[in-house]
file protein_3.pdb (PDB, C-alpha atoms and all ligand atoms)
ATOM      1  CA  MET P  18      11.364   3.806 -13.223  1.00  0.00           C
ATOM      2  CA  GLU P  19       8.152   1.985 -14.099  1.00  0.00           C
ATOM      3  CA  LEU P  20       6.193  -1.002 -12.910  1.00  0.00           C
ATOM      4  CA  PHE P  21       3.916  -2.055 -15.738  1.00  0.00           C
ATOM      5  CA  ILE P  22       1.067  -4.520 -15.385  1.00  0.00           C
ATOM      6  CA  LYS P  23       0.618  -5.778 -18.903  1.00  0.00           C
ATOM      7  CA  GLU P  24      -1.923  -8.336 -17.807  1.00  0.00           C
ATOM      8  CA  LEU P  25      -3.363  -9.469 -14.499  1.00  0.00           C
ATOM      9  CA  SER P  26      -6.514 -11.552 -14.335  1.00  0.00           C
ATOM     10  CA  VAL P  27      -7.670 -13.294 -11.194  1.00  0.00           C
ATOM     11  CA  HIS P  28     -10.831 -15.365 -11.078  1.00  0.00           C
ATOM     12  CA  TYR P  29     -12.412 -16.315  -7.775  1.00  0.00           C
ATOM     13  CA  THR P  30     -15.817 -17.956  -7.365  1.00  0.00           C
ATOM     14  CA  ASN P  31     -17.621 -14.639  -6.837  1.00  0.00           C
ATOM     15  CA  PHE P  32     -15.086 -12.095  -8.018  1.00  0.00           C
ATOM     16  CA  ASP P  33     -13.019 -11.307 -11.104  1.00  0.00           C
ATOM     17  CA  LEU P  34     -10.086  -8.939 -11.303  1.00  0.00           C
ATOM     18  CA  ASP P  35      -8.990  -7.723 -14.720  1.00  0.00           C
ATOM     19  CA  VAL P  36      -6.244  -5.175 -15.133  1.00  0.00           C
ATOM     20  CA  HIS P  37      -4.390  -4.481 -18.369  1.00  0.00           C
ATOM     21  CA  ASN P  38      -1.703  -1.969 -19.330  1.00  0.00           C
ATOM     22  CA  LEU P  39      -1.523  -0.203 -16.006  1.00  0.00           C
ATOM     23  CA  SER P  40       1.596   1.844 -15.337  1.00  0.00           C
ATOM     24  CA  PHE P  41       2.987   2.833 -11.937  1.00  0.00           C
ATOM     25  CA  GLN P  42       5.793   5.393 -12.000  1.00  0.00           C
ATOM     26  CA  LYS P  43       8.222   6.645  -9.387  1.00  0.00           C
ATOM     27  CA  GLY P  44       6.334   8.345  -6.536  1.00  0.00           C
ATOM     28  CA  ILE P  45       3.341   7.446  -4.385  1.00  0.00           C
ATOM     29  CA  ASN P  46       0.671   5.593  -6.329  1.00  0.00           C
ATOM     30  CA  MET P  47      -2.459   5.362  -4.206  1.00  0.00           C
ATOM     31  CA  ILE P  48      -5.207   2.873  -4.859  1.00  0.00           C
ATOM     32  CA  ILE P  49      -8.628   3.699  -3.479  1.00  0.00           C
ATOM     33  CA  GLY P  50     -11.862   1.774  -3.561  1.00  0.00           C
ATOM     34  CA  GLY P  51     -14.553   0.283  -1.386  1.00  0.00           C
ATOM     35  CA  ASN P  52     -14.339  -2.924   0.614  1.00  0.00           C
ATOM     36  CA  GLY P  53     -14.144  -5.864  -1.742  1.00  0.00           C
ATOM     37  CA  SER P  54     -13.335  -3.761  -4.827  1.00  0.00           C
ATOM     38  CA  GLY P  55     -10.129  -5.743  -5.381  1.00  0.00           C
ATOM     39  CA  LYS P  56      -7.332  -3.546  -3.976  1.00  0.00           C
ATOM     40  CA  SER P  57      -5.615  -6.333  -2.031  1.00  0.00           C
ATOM     41  CA  THR P  58      -6.129  -8.760  -4.894  1.00  0.00           C
ATOM     42  CA  LEU P  59      -4.391  -6.307  -7.230  1.00  0.00           C
ATOM     43  CA  LEU P  60      -1.461  -5.684  -4.854  1.00  0.00           C
ATOM     44  CA  ASN P  61      -1.132  -9.356  -4.066  1.00  0.00           C
ATOM     45  CA  GLY P  62      -1.424 -10.171  -7.771  1.00  0.00           C
ATOM     46  CA  ILE P  63       1.613  -8.040  -8.591  1.00  0.00           C
ATOM     47  CA  ILE P  64       3.713 -10.508  -6.619  1.00  0.00           C
ATOM     48  CA  GLY P  65       1.377 -13.493  -7.139  1.00  0.00           C
ATOM     49  CA  TYR P  66       3.502 -15.735  -9.268  1.00  0.00           C
ATOM     50  CA  GLU P  67       0.911 -18.490  -8.935  1.00  0.00           C
ATOM     51  CA  PHE P  68      -1.608 -16.590 -11.057  1.00  0.00           C
ATOM     52  CA  LYS P  69      -1.792 -17.936 -14.590  1.00  0.00           C
ATOM     53  CA  HIS P  70      -2.711 -14.695 -16.331  1.00  0.00           C
ATOM     54  CA  ARG P  71      -0.053 -12.427 -14.985  1.00  0.00           C
ATOM     55  CA  ASN P  72       2.549 -10.439 -16.863  1.00  0.00           C
ATOM     56  CA  VAL P  73       4.268  -7.729 -14.847  1.00  0.00           C
ATOM     57  CA  LEU P  74       7.312  -5.753 -16.012  1.00  0.00           C
ATOM     58  CA  PHE P  75       9.754  -3.540 -14.153  1.00  0.00           C
ATOM     59  CA  ASN P  76      11.690  -1.156 -16.375  1.00  0.00           C
ATOM     60  CA  ASN P  77      10.649  -3.225 -19.415  1.00  0.00           C
ATOM     61  CA  GLU P  78      11.954  -6.522 -18.011  1.00  0.00           C
ATOM     62  CA  GLN P  79      10.101  -9.280 -16.192  1.00  0.00           C
ATOM     63  CA  LEU P  80       9.688  -8.364 -12.546  1.00  0.00           C
ATOM     64  CA  VAL P  81      12.092 -10.308 -10.299  1.00  0.00           C
ATOM     65  CA  LEU P  82      10.319 -10.630  -6.988  1.00  0.00           C
ATOM     66  CA  ASN P  83      13.169 -11.142  -4.551  1.00  0.00           C
ATOM     67  CA  LYS P  84      15.306  -8.470  -6.184  1.00  0.00           C
ATOM     68  CA  ASP P  85      12.747  -5.792  -6.986  1.00  0.00           C
ATOM     69  CA  VAL P  86       9.840  -5.893  -4.557  1.00  0.00           C
ATOM     70  CA  THR P  87       8.951  -5.463  -0.914  1.00  0.00           C
ATOM     71  CA  TYR P  88       5.322  -6.329  -0.189  1.00  0.00           C
ATOM     72  CA  LEU P  89       3.622  -5.735   3.125  1.00  0.00           C
ATOM     73  CA  PRO P  90       0.257  -7.529   3.194  1.00  0.00           C
ATOM     74  CA  GLN P  91      -2.908  -6.211   4.852  1.00  0.00           C
ATOM     75  CA  ASN P  92      -2.867  -8.873   7.558  1.00  0.00           C
ATOM     76  CA  LEU P  93       0.511  -9.955   8.748  1.00  0.00           C
ATOM     77  CA  ASN P  94       0.731 -12.731  11.340  1.00  0.00           C
ATOM     78  CA  ARG P  95       2.787 -11.877  14.369  1.00  0.00           C
ATOM     79  CA  PRO P  96       5.708 -14.192  14.967  1.00  0.00           C
ATOM     80  CA  ASP P  97       6.948 -15.013  18.473  1.00  0.00           C
ATOM     81  CA  MET P  98      10.285 -13.255  18.039  1.00  0.00           C
ATOM     82  CA  THR P  99      11.669 -10.005  19.393  1.00  0.00           C
ATOM     83  CA  ILE P 100      10.895  -6.726  17.668  1.00  0.00           C
ATOM     84  CA  LYS P 101      14.594  -6.334  16.905  1.00  0.00           C
ATOM     85  CA  ASP P 102      14.926  -9.784  15.328  1.00  0.00           C
ATOM     86  CA  PHE P 103      11.682  -9.320  13.398  1.00  0.00           C
ATOM     87  CA  THR P 104      12.695  -5.974  11.915  1.00  0.00           C
ATOM     88  CA  GLU P 105      16.062  -7.375  10.809  1.00  0.00           C
ATOM     89  CA  LEU P 106      14.759 -10.752   9.648  1.00  0.00           C
ATOM     90  CA  THR P 107      14.370 -10.180   5.915  1.00  0.00           C
ATOM     91  CA  SER P 108      17.236  -7.768   5.264  1.00  0.00           C
ATOM     92  CA  GLY P 109      19.902  -8.750   7.783  1.00  0.00           C
ATOM     93  CA  GLN P 110      20.450  -5.009   8.320  1.00  0.00           C
ATOM     94  CA  ASN P 111      20.780  -3.381  11.718  1.00  0.00           C
ATOM     95  CA  SER P 112      17.463  -1.757  12.616  1.00  0.00           C
ATOM     96  CA  ASP P 113      18.497   0.352  15.646  1.00  0.00           C
ATOM     97  CA  ASP P 114      18.280   3.754  13.937  1.00  0.00           C
ATOM     98  CA  LEU P 115      14.862   3.062  12.476  1.00  0.00           C
ATOM     99  CA  LEU P 116      13.624   1.568  15.748  1.00  0.00           C
ATOM    100  CA  LYS P 117      14.579   4.861  17.391  1.00  0.00           C
ATOM    101  CA  GLN P 118      12.977   6.897  14.625  1.00  0.00           C
ATOM    102  CA  PHE P 119       9.662   5.073  15.012  1.00  0.00           C
ATOM    103  CA  ASP P 120       9.735   4.990  18.839  1.00  0.00           C
ATOM    104  CA  LEU P 121      10.265   1.241  19.048  1.00  0.00           C
ATOM    105  CA  TYR P 122      13.763   1.073  20.471  1.00  0.00           C
ATOM    106  CA  HIS P 123      12.598   0.661  24.059  1.00  0.00           C
ATOM    107  CA  LEU P 124      10.481  -2.308  22.908  1.00  0.00           C
ATOM    108  CA  LYS P 125      13.201  -4.041  20.905  1.00  0.00           C
ATOM    109  CA  ASN P 126      13.513  -7.050  23.243  1.00  0.00           C
ATOM    110  CA  LEU P 127       9.772  -7.644  23.549  1.00  0.00           C
ATOM    111  CA  SER P 128       8.086 -10.369  21.545  1.00  0.00           C
ATOM    112  CA  CYS P 129       5.999  -9.241  18.586  1.00  0.00           C
ATOM    113  CA  LEU P 130       3.128 -10.999  20.375  1.00  0.00           C
ATOM    114  CA  ASN P 131       3.327  -8.526  23.269  1.00  0.00           C
ATOM    115  CA  VAL P 132       3.293  -5.106  21.586  1.00  0.00           C
ATOM    116  CA  SER P 133       0.286  -3.025  20.600  1.00  0.00           C
ATOM    117  CA  GLY P 134      -1.331  -3.152  17.168  1.00  0.00           C
ATOM    118  CA  GLY P 135       0.169   0.163  16.071  1.00  0.00           C
ATOM    119  CA  GLU P 136       3.587  -0.779  17.438  1.00  0.00           C
ATOM    120  CA  PHE P 137       3.616  -4.026  15.479  1.00  0.00           C
ATOM    121  CA  LYS P 138       2.507  -2.165  12.361  1.00  0.00           C
ATOM    122  CA  ARG P 139       5.446   0.230  12.721  1.00  0.00           C
ATOM    123  CA  ALA P 140       7.803  -2.703  13.240  1.00  0.00           C
ATOM    124  CA  ALA P 141       6.511  -4.311  10.051  1.00  0.00           C
ATOM    125  CA  PHE P 142       7.141  -1.030   8.230  1.00  0.00           C
ATOM    126  CA  VAL P 143      10.712  -0.890   9.573  1.00  0.00           C
ATOM    127  CA  GLN P 144      11.288  -4.450   8.346  1.00  0.00           C
ATOM    128  CA  ALA P 145       9.913  -3.493   4.931  1.00  0.00           C
ATOM    129  CA  ILE P 146      12.007  -0.382   4.413  1.00  0.00           C
ATOM    130  CA  LEU P 147      15.218  -2.056   5.573  1.00  0.00           C
ATOM    131  CA  GLU P 148      14.880  -4.339   2.556  1.00  0.00           C
ATOM    132  CA  ASN P 149      15.602  -1.257   0.457  1.00  0.00           C
ATOM    133  CA  LYS P 150      14.026  -2.513  -2.776  1.00  0.00           C
ATOM    134  CA  PRO P 151      13.009  -0.234  -5.669  1.00  0.00           C
ATOM    135  CA  ILE P 152       9.329  -1.211  -5.456  1.00  0.00           C
ATOM    136  CA  LEU P 153       7.427  -0.895  -2.186  1.00  0.00           C
ATOM    137  CA  ILE P 154       3.893  -2.290  -1.969  1.00  0.00           C
ATOM    138  CA  LEU P 155       1.952  -1.515   1.214  1.00  0.00           C
ATOM    139  CA  ASP P 156      -1.558  -2.799   1.833  1.00  0.00           C
ATOM    140  CA  GLU P 157      -3.377  -0.560   4.356  1.00  0.00           C
ATOM    141  CA  ILE P 158      -0.237   0.460   6.202  1.00  0.00           C
ATOM    142  CA  GLU P 159      -2.184   3.261   7.939  1.00  0.00           C
ATOM    143  CA  GLN P 160      -4.605   0.838   9.596  1.00  0.00           C
ATOM    144  CA  GLY P 161      -4.345   1.085  13.372  1.00  0.00           C
ATOM    145  CA  LEU P 162      -1.859   3.956  13.436  1.00  0.00           C
ATOM    146  CA  ASP P 163      -2.598   7.046  15.502  1.00  0.00           C
ATOM    147  CA  ILE P 164      -2.451  10.420  13.788  1.00  0.00           C
ATOM    148  CA  LYS P 165       1.152  11.154  14.840  1.00  0.00           C
ATOM    149  CA  TYR P 166       2.559   7.933  13.421  1.00  0.00           C
ATOM    150  CA  LYS P 167       0.342   8.145  10.356  1.00  0.00           C
ATOM    151  CA  LYS P 168       1.795  11.546   9.592  1.00  0.00           C
ATOM    152  CA  GLU P 169       5.396  10.535  10.344  1.00  0.00           C
ATOM    153  CA  MET P 170       5.095   7.349   8.335  1.00  0.00           C
ATOM    154  CA  PHE P 171       3.632   9.077   5.290  1.00  0.00           C
ATOM    155  CA  GLN P 172       6.258  11.798   5.419  1.00  0.00           C
ATOM    156  CA  TYR P 173       8.847   9.027   5.469  1.00  0.00           C
ATOM    157  CA  ILE P 174       7.157   7.208   2.580  1.00  0.00           C
ATOM    158  CA  LYS P 175       7.071  10.474   0.620  1.00  0.00           C
ATOM    159  CA  GLU P 176      10.862  10.769   0.970  1.00  0.00           C
ATOM    160  CA  LEU P 177      11.359   7.116  -0.006  1.00  0.00           C
ATOM    161  CA  SER P 178       9.144   7.556  -3.051  1.00  0.00           C
ATOM    162  CA  LYS P 179      11.574  10.027  -4.629  1.00  0.00           C
ATOM    163  CA  GLU P 180      13.680   7.016  -5.595  1.00  0.00           C
ATOM    164  CA  ARG P 181      11.104   4.245  -5.602  1.00  0.00           C
ATOM    165  CA  VAL P 182       7.839   3.104  -7.061  1.00  0.00           C
ATOM    166  CA  VAL P 183       5.510   3.019  -4.069  1.00  0.00           C
ATOM    167  CA  ILE P 184       2.091   1.421  -4.525  1.00  0.00           C
ATOM    168  CA  LEU P 185      -0.270   1.486  -1.606  1.00  0.00           C
ATOM    169  CA  ASN P 186      -3.907   1.556  -0.700  1.00  0.00           C
ATOM    170  CA  VAL P 187      -5.528   3.486   2.106  1.00  0.00           C
ATOM    171  CA  HIS P 188      -9.021   3.988   3.453  1.00  0.00           C
ATOM    172  CA  ASP P 189      -8.141   7.340   5.021  1.00  0.00           C
ATOM    173  CA  LEU P 190      -8.951   9.755   2.201  1.00  0.00           C
ATOM    174  CA  SER P 191      -7.183  12.687   3.893  1.00  0.00           C
ATOM    175  CA  LEU P 192      -3.920  10.861   3.119  1.00  0.00           C
ATOM    176  CA  VAL P 193      -4.863  10.695  -0.532  1.00  0.00           C
ATOM    177  CA  LEU P 194      -5.009  14.442  -1.167  1.00  0.00           C
ATOM    178  CA  SER P 195      -1.951  15.119   1.022  1.00  0.00           C
ATOM    179  CA  TYR P 196       0.461  12.470  -0.190  1.00  0.00           C
ATOM    180  CA  ALA P 197      -0.568  10.823  -3.470  1.00  0.00           C
ATOM    181  CA  ASP P 198       1.307  11.583  -6.664  1.00  0.00           C
ATOM    182  CA  LYS P 199      -1.243   9.587  -8.632  1.00  0.00           C
ATOM    183  CA  ILE P 200      -4.593   8.108  -7.656  1.00  0.00           C
ATOM    184  CA  PHE P 201      -6.176   4.931  -9.005  1.00  0.00           C
ATOM    185  CA  GLY P 202      -9.838   4.221  -8.280  1.00  0.00           C
ATOM    186  CA  MET P 203     -11.037   0.610  -8.216  1.00  0.00           C
ATOM    187  CA  LYS P 204     -14.493  -0.799  -8.561  1.00  0.00           C
ATOM    188  CA  LYS P 205     -15.537  -4.422  -9.047  1.00  0.00           C
ATOM    189  CA  GLY P 206     -12.080  -5.664  -9.913  1.00  0.00           C
ATOM    190  CA  LYS P 207     -11.251  -2.948 -12.429  1.00  0.00           C
ATOM    191  CA  VAL P 208      -9.220   0.237 -12.253  1.00  0.00           C
ATOM    192  CA  ASN P 209     -11.684   2.661 -13.768  1.00  0.00           C
ATOM    193  CA  MET P 210     -10.251   5.987 -12.625  1.00  0.00           C
ATOM    194  CA  THR P 211      -6.709   7.335 -12.859  1.00  0.00           C
ATOM    195  CA  THR P 212      -6.118  10.923 -11.828  1.00  0.00           C
ATOM    196  CA  LEU P 213      -3.825  13.432 -10.124  1.00  0.00           C
ATOM    197  CA  PRO P 214      -4.672  14.650  -6.606  1.00  0.00           C
ATOM    198  CA  ASN P 215      -5.256  18.204  -7.830  1.00  0.00           C
ATOM    199  CA  ASP P 216      -7.684  17.001 -10.473  1.00  0.00           C
ATOM    200  CA  ILE P 217      -9.783  14.584  -8.452  1.00  0.00           C
ATOM    201  CA  THR P 218     -13.385  15.694  -8.074  1.00  0.00           C
ATOM    202  CA  ALA P 219     -16.108  14.983  -5.550  1.00  0.00           C
ATOM    203  CA  ASP P 220     -17.941  13.160  -8.340  1.00  0.00           C
ATOM    204  CA  ASP P 221     -14.911  10.900  -8.926  1.00  0.00           C
ATOM    205  CA  LEU P 222     -14.856   9.940  -5.241  1.00  0.00           C
ATOM    206  CA  SER P 223     -18.608   9.562  -4.968  1.00  0.00           C
ATOM    207  CA  ASP P 224     -18.523   7.234  -7.943  1.00  0.00           C
ATOM    208  CA  VAL P 225     -15.668   5.094  -6.597  1.00  0.00           C
ATOM    209  CA  PHE P 226     -17.328   4.665  -3.195  1.00  0.00           C
ATOM    210  CA  ASN P 227     -21.014   4.754  -4.187  1.00  0.00           C
ATOM    211  CA  VAL P 228     -21.784   7.398  -1.589  1.00  0.00           C
ATOM    212  CA  PRO P 229     -22.000  11.210  -1.791  1.00  0.00           C
ATOM    213  CA  ILE P 230     -18.648  12.792  -0.860  1.00  0.00           C
ATOM    214  CA  GLU P 231     -17.759  16.513  -0.878  1.00  0.00           C
ATOM    215  CA  ILE P 232     -14.449  18.265  -1.354  1.00  0.00           C
ATOM    216  CA  THR P 233     -14.020  21.672   0.273  1.00  0.00           C
ATOM    217  CA  THR P 234     -11.147  24.143   0.409  1.00  0.00           C
ATOM    218  CA  TYR P 235      -9.694  25.474   3.653  1.00  0.00           C
ATOM    219  CA  ASN P 236      -6.582  27.687   3.840  1.00  0.00           C
ATOM    220  CA  GLY P 237      -5.820  26.768   0.255  1.00  0.00           C
ATOM    221  CA  LYS P 238      -5.927  23.043   0.961  1.00  0.00           C
ATOM    222  CA  ARG P 239      -8.516  20.674  -0.448  1.00  0.00           C
ATOM    223  CA  LEU P 240     -10.247  18.576   2.184  1.00  0.00           C
ATOM    224  CA  ILE P 241     -12.564  15.616   1.816  1.00  0.00           C
ATOM    225  CA  VAL P 242     -15.841  15.791   3.725  1.00  0.00           C
ATOM    226  CA  LEU P 243     -17.934  12.707   4.275  1.00  0.00           C
TER
HETATM  227  N1  LIG P 301      -8.788 -16.463  -2.040  1.00  0.00           N
HETATM  228  C1  LIG P 301     -10.008 -16.004  -2.365  1.00  0.00           C
HETATM  229  N2  LIG P 301     -10.983 -16.821  -2.754  1.00  0.00           N
HETATM  230  C2  LIG P 301     -12.200 -16.366  -3.113  1.00  0.00           C
HETATM  231  N3  LIG P 301     -12.553 -15.051  -3.112  1.00  0.00           N
HETATM  232  C3  LIG P 301     -11.615 -14.175  -2.730  1.00  0.00           C
HETATM  233  C4  LIG P 301     -10.288 -14.595  -2.341  1.00  0.00           C
HETATM  234  N4  LIG P 301      -9.585 -13.487  -2.019  1.00  0.00           N
HETATM  235  C5  LIG P 301     -10.406 -12.438  -2.192  1.00  0.00           C
HETATM  236  N5  LIG P 301     -11.619 -12.843  -2.628  1.00  0.00           N
HETATM  237  C6  LIG P 301     -12.767 -11.971  -2.943  1.00  0.00           C
HETATM  238  O1  LIG P 301     -12.335 -10.974  -3.835  1.00  0.00           O
HETATM  239  C7  LIG P 301     -12.974  -9.742  -3.564  1.00  0.00           C
HETATM  240  C8  LIG P 301     -11.939  -8.638  -3.467  1.00  0.00           C
HETATM  241  O2  LIG P 301     -11.185  -8.818  -2.289  1.00  0.00           O
HETATM  242  P1  LIG P 301     -10.001  -7.862  -1.879  1.00  0.00           P
HETATM  243  O3  LIG P 301      -9.393  -8.445  -0.639  1.00  0.00           O
HETATM  244  O4  LIG P 301      -9.101  -7.652  -3.034  1.00  0.00           O
HETATM  245  O5  LIG P 301     -10.773  -6.495  -1.559  1.00  0.00           O
HETATM  246  P2  LIG P 301     -10.235  -5.104  -1.023  1.00  0.00           P
HETATM  247  O6  LIG P 301     -10.547  -4.078  -2.054  1.00  0.00           O
HETATM  248  O7  LIG P 301      -8.820  -5.256  -0.610  1.00  0.00           O
HETATM  249  O8  LIG P 301     -11.173  -4.840   0.245  1.00  0.00           O
HETATM  250  P3  LIG P 301     -10.862  -4.265   1.721  1.00  0.00           P
HETATM  251  O9  LIG P 301     -10.908  -2.783   1.606  1.00  0.00           O
HETATM  252  O10 LIG P 301     -12.014  -4.781   2.534  1.00  0.00           O
HETATM  253  O11 LIG P 301      -9.545  -4.788   2.183  1.00  0.00           O
HETATM  254  C9  LIG P 301     -13.772  -9.937  -2.282  1.00  0.00           C
HETATM  255  O12 LIG P 301     -15.143 -10.010  -2.607  1.00  0.00           O
HETATM  256  C10 LIG P 301     -13.253 -11.241  -1.720  1.00  0.00           C
HETATM  257  O13 LIG P 301     -14.266 -11.959  -1.077  1.00  0.00           O
HETATM  258 MG    MG P 302      -7.827  -5.230   1.205  1.00  0.00          MG
END
call {"tool": "encode", "arguments": {"input": "protein_3.pdb", "output": "structure tokens", "more": "lines below"}}
Ligand SMILES: Nc1ncnc2c1ncn2[C@@H]1O[C@H](COP(=O)(O)OP(=O)(O)OP(=O)(O)O)[C@@H](O)[C@H]1O
Ligand SMILES: [Mg+2]
result
Amino acid sequence: MELFIKELSVHYTNFDLDVHNLSFQKGINMIIGGNGSGKSTLLNGIIGYEFKHRNVLFNNEQLVLNKDVTYLPQNLNRPDMTIKDFTELTSGQNSDDLLKQFDLYHLKNLSCLNVSGGEFKRAAFVQAILENKPILILDEIEQGLDIKYKKEMFQYIKELSKERVVILNVHDLSLVLSYADKIFGMKKGKVNMTTLPNDITADDLSDVFNVPIEITTYNGKRLIVL
């Protein structure tokens, strides 16, 4: 299973993204980088059929968006529909089991406008996974989630990623060492670091974020210290 970006160039007034020959395999592919480095532009560009310089392949064939990809953008507008209807909207699948799993079942008849930020985020995740596509793209899914749901969601994503290409970006670096199968560092519209979680160094991180970052070891686990 492979998503391959042969070419993706995006030109905005003050920003250029250029990515060539970038391969995402089955597992959790995590993109890291500072604000404005181009993470959302890259994720959006994978599905951005309007971009002129875009050639993206899935298993050596042209990517077919509605068949292959689920994409959850960084900022999703809340519709005035119930949580249950919203979670089932794109797949037509019954969401009850997942609503229970993510503690949303008791909210299922509330409007998306009337739930908390983290609750809506979980509902959006339920909608996304019900689509059951081989490629799952999540832009800052951890934003606004408390530590319990962050952990449960990433454990769930880890399971899903055994049979899917998951591409996501996070700002919480503790998730990177715990859950990434491969890490991609972005700076100024380019992916200039590709590494495995066990190999990533404090220098790699400091370079990606332009700020000194340390990695320490505690009980055999590597931890990132700001
Ligand atoms: N439609 C647009 N028109 C012009 N410039 C844009 C557009 N979309 C994004 N940009 C610019 O492209 C750059 C990269 O934006 P992008 O949203 O990809 O960053 P990011 O890495 O996702 O940052 P963050 O961590 O803050 O979400 C930014 O400087 C942004 O201002
Ligand atoms: Mg972004």
call {"tool": "atom_distance", "arguments": {"input": "protein_3.pdb", "atom1": "CA of Leu116 in chain P", "atom2": "CA of Thr104 in chain P"}}
result
8.5 Å
call {"tool": "atom_distance", "arguments": {"input": "protein_3.pdb", "atom1": "CA of Leu20 in chain P", "atom2": "CA of Ile200 in chain P"}}
result
15.1 Å
call {"tool": "resolve_selection", "arguments": {"input": "protein_3.pdb", "expression": "the PyMOL selection byres (((not hetatm)) within 10 of (chain P and resi 301))", "output": "number ranges by chain"}}
result
P: 27-34, 48-62, 91-92, 156-157, 186-188, 203-206
call {"tool": "closest_residue", "arguments": {"input": "protein_3.pdb", "among": "P:Ser112, P:Ser26, P:Asn77, P:Gln160", "to": "ligand MG 302 (chain P)", "atoms": "only C-alpha atoms and all ligand atoms"}}
result
P:Gln160
call {"tool": "residues_around", "arguments": {"input": "protein_3.pdb", "residues": "Gln118 in chain P", "least_positions_apart": "5", "cutoff": "12 Å", "atoms": "only C-alpha atoms", "output": "short mmCIF file (atom, residue, chain, number, x, y, z; two decimals) with C-alpha atoms, keeping the file's coordinate frame"}}
result
data_model
loop_
_atom_site.label_atom_id
_atom_site.label_comp_id
_atom_site.auth_asym_id
_atom_site.auth_seq_id
_atom_site.Cartn_x
_atom_site.Cartn_y
_atom_site.Cartn_z
CA SER P 112 17.46 -1.76 12.62
CA ASP P 113 18.50 0.35 15.65
CA HIS P 123 12.60 0.66 24.06
CA ARG P 139 5.45 0.23 12.72
CA ALA P 140 7.80 -2.70 13.24
CA PHE P 142 7.14 -1.03 8.23
CA VAL P 143 10.71 -0.89 9.57
CA TYR P 166 2.56 7.93 13.42
CA GLU P 169 5.40 10.54 10.34
CA MET P 170 5.10 7.35 8.34
CA TYR P 173 8.85 9.03 5.47
#
call {"tool": "closest_residue", "arguments": {"input": "protein_3.pdb", "among": "P:Ile63, P:Asn227, P:Val183, P:Leu155", "to": "ligand MG 302 (chain P)", "atoms": "only C-alpha atoms and all ligand atoms"}}
result
P:Leu155
call {"tool": "closest_residue", "arguments": {"input": "protein_3.pdb", "among": "P:Ser195, P:Asn209, P:Gly109, P:Ile158", "to": "ligand MG 302 (chain P)", "atoms": "only C-alpha atoms and all ligand atoms"}}
result
P:Ile158
call {"tool": "decode", "arguments": {"input": "protein_3.pdb", "residues": "range 111-122 of chain P", "atoms": "N, CA and C atoms", "output": "short mmCIF file (atom, residue, chain, number, x, y, z; two decimals), in the first residue's frame"}}
result
data_model
loop_
_atom_site.label_atom_id
_atom_site.label_comp_id
_atom_site.auth_asym_id
_atom_site.auth_seq_id
_atom_site.Cartn_x
_atom_site.Cartn_y
_atom_site.Cartn_z
N ASN P 111 -24.41 3.10 10.11
CA ASN P 111 -24.89 3.35 11.47
C ASN P 111 -23.71 3.66 12.39
N SER P 112 -23.82 4.75 13.15
CA SER P 112 -22.68 5.19 13.95
C SER P 112 -22.80 4.83 15.44
N ASP P 113 -23.87 4.12 15.83
CA ASP P 113 -24.13 3.94 17.27
C ASP P 113 -22.95 3.35 18.04
N ASP P 114 -22.32 2.31 17.50
CA ASP P 114 -21.22 1.68 18.23
C ASP P 114 -20.06 2.64 18.45
N LEU P 115 -19.74 3.39 17.40
CA LEU P 115 -18.62 4.34 17.54
C LEU P 115 -19.00 5.52 18.42
N LEU P 116 -20.26 5.92 18.37
CA LEU P 116 -20.70 7.00 19.28
C LEU P 116 -20.53 6.55 20.73
N LYS P 117 -20.83 5.29 20.99
CA LYS P 117 -20.64 4.76 22.36
C LYS P 117 -19.16 4.73 22.69
N GLN P 118 -18.37 4.24 21.75
CA GLN P 118 -16.93 4.10 22.01
C GLN P 118 -16.28 5.44 22.33
N PHE P 119 -16.75 6.51 21.68
CA PHE P 119 -16.13 7.81 21.92
C PHE P 119 -17.00 8.72 22.81
N ASP P 120 -17.82 8.08 23.65
CA ASP P 120 -18.62 8.79 24.66
C ASP P 120 -19.47 9.91 24.07
N LEU P 121 -20.11 9.62 22.94
CA LEU P 121 -20.95 10.63 22.30
C LEU P 121 -22.41 10.19 22.22
N TYR P 122 -22.67 8.96 22.63
CA TYR P 122 -24.01 8.40 22.40
C TYR P 122 -25.09 9.22 23.09
#
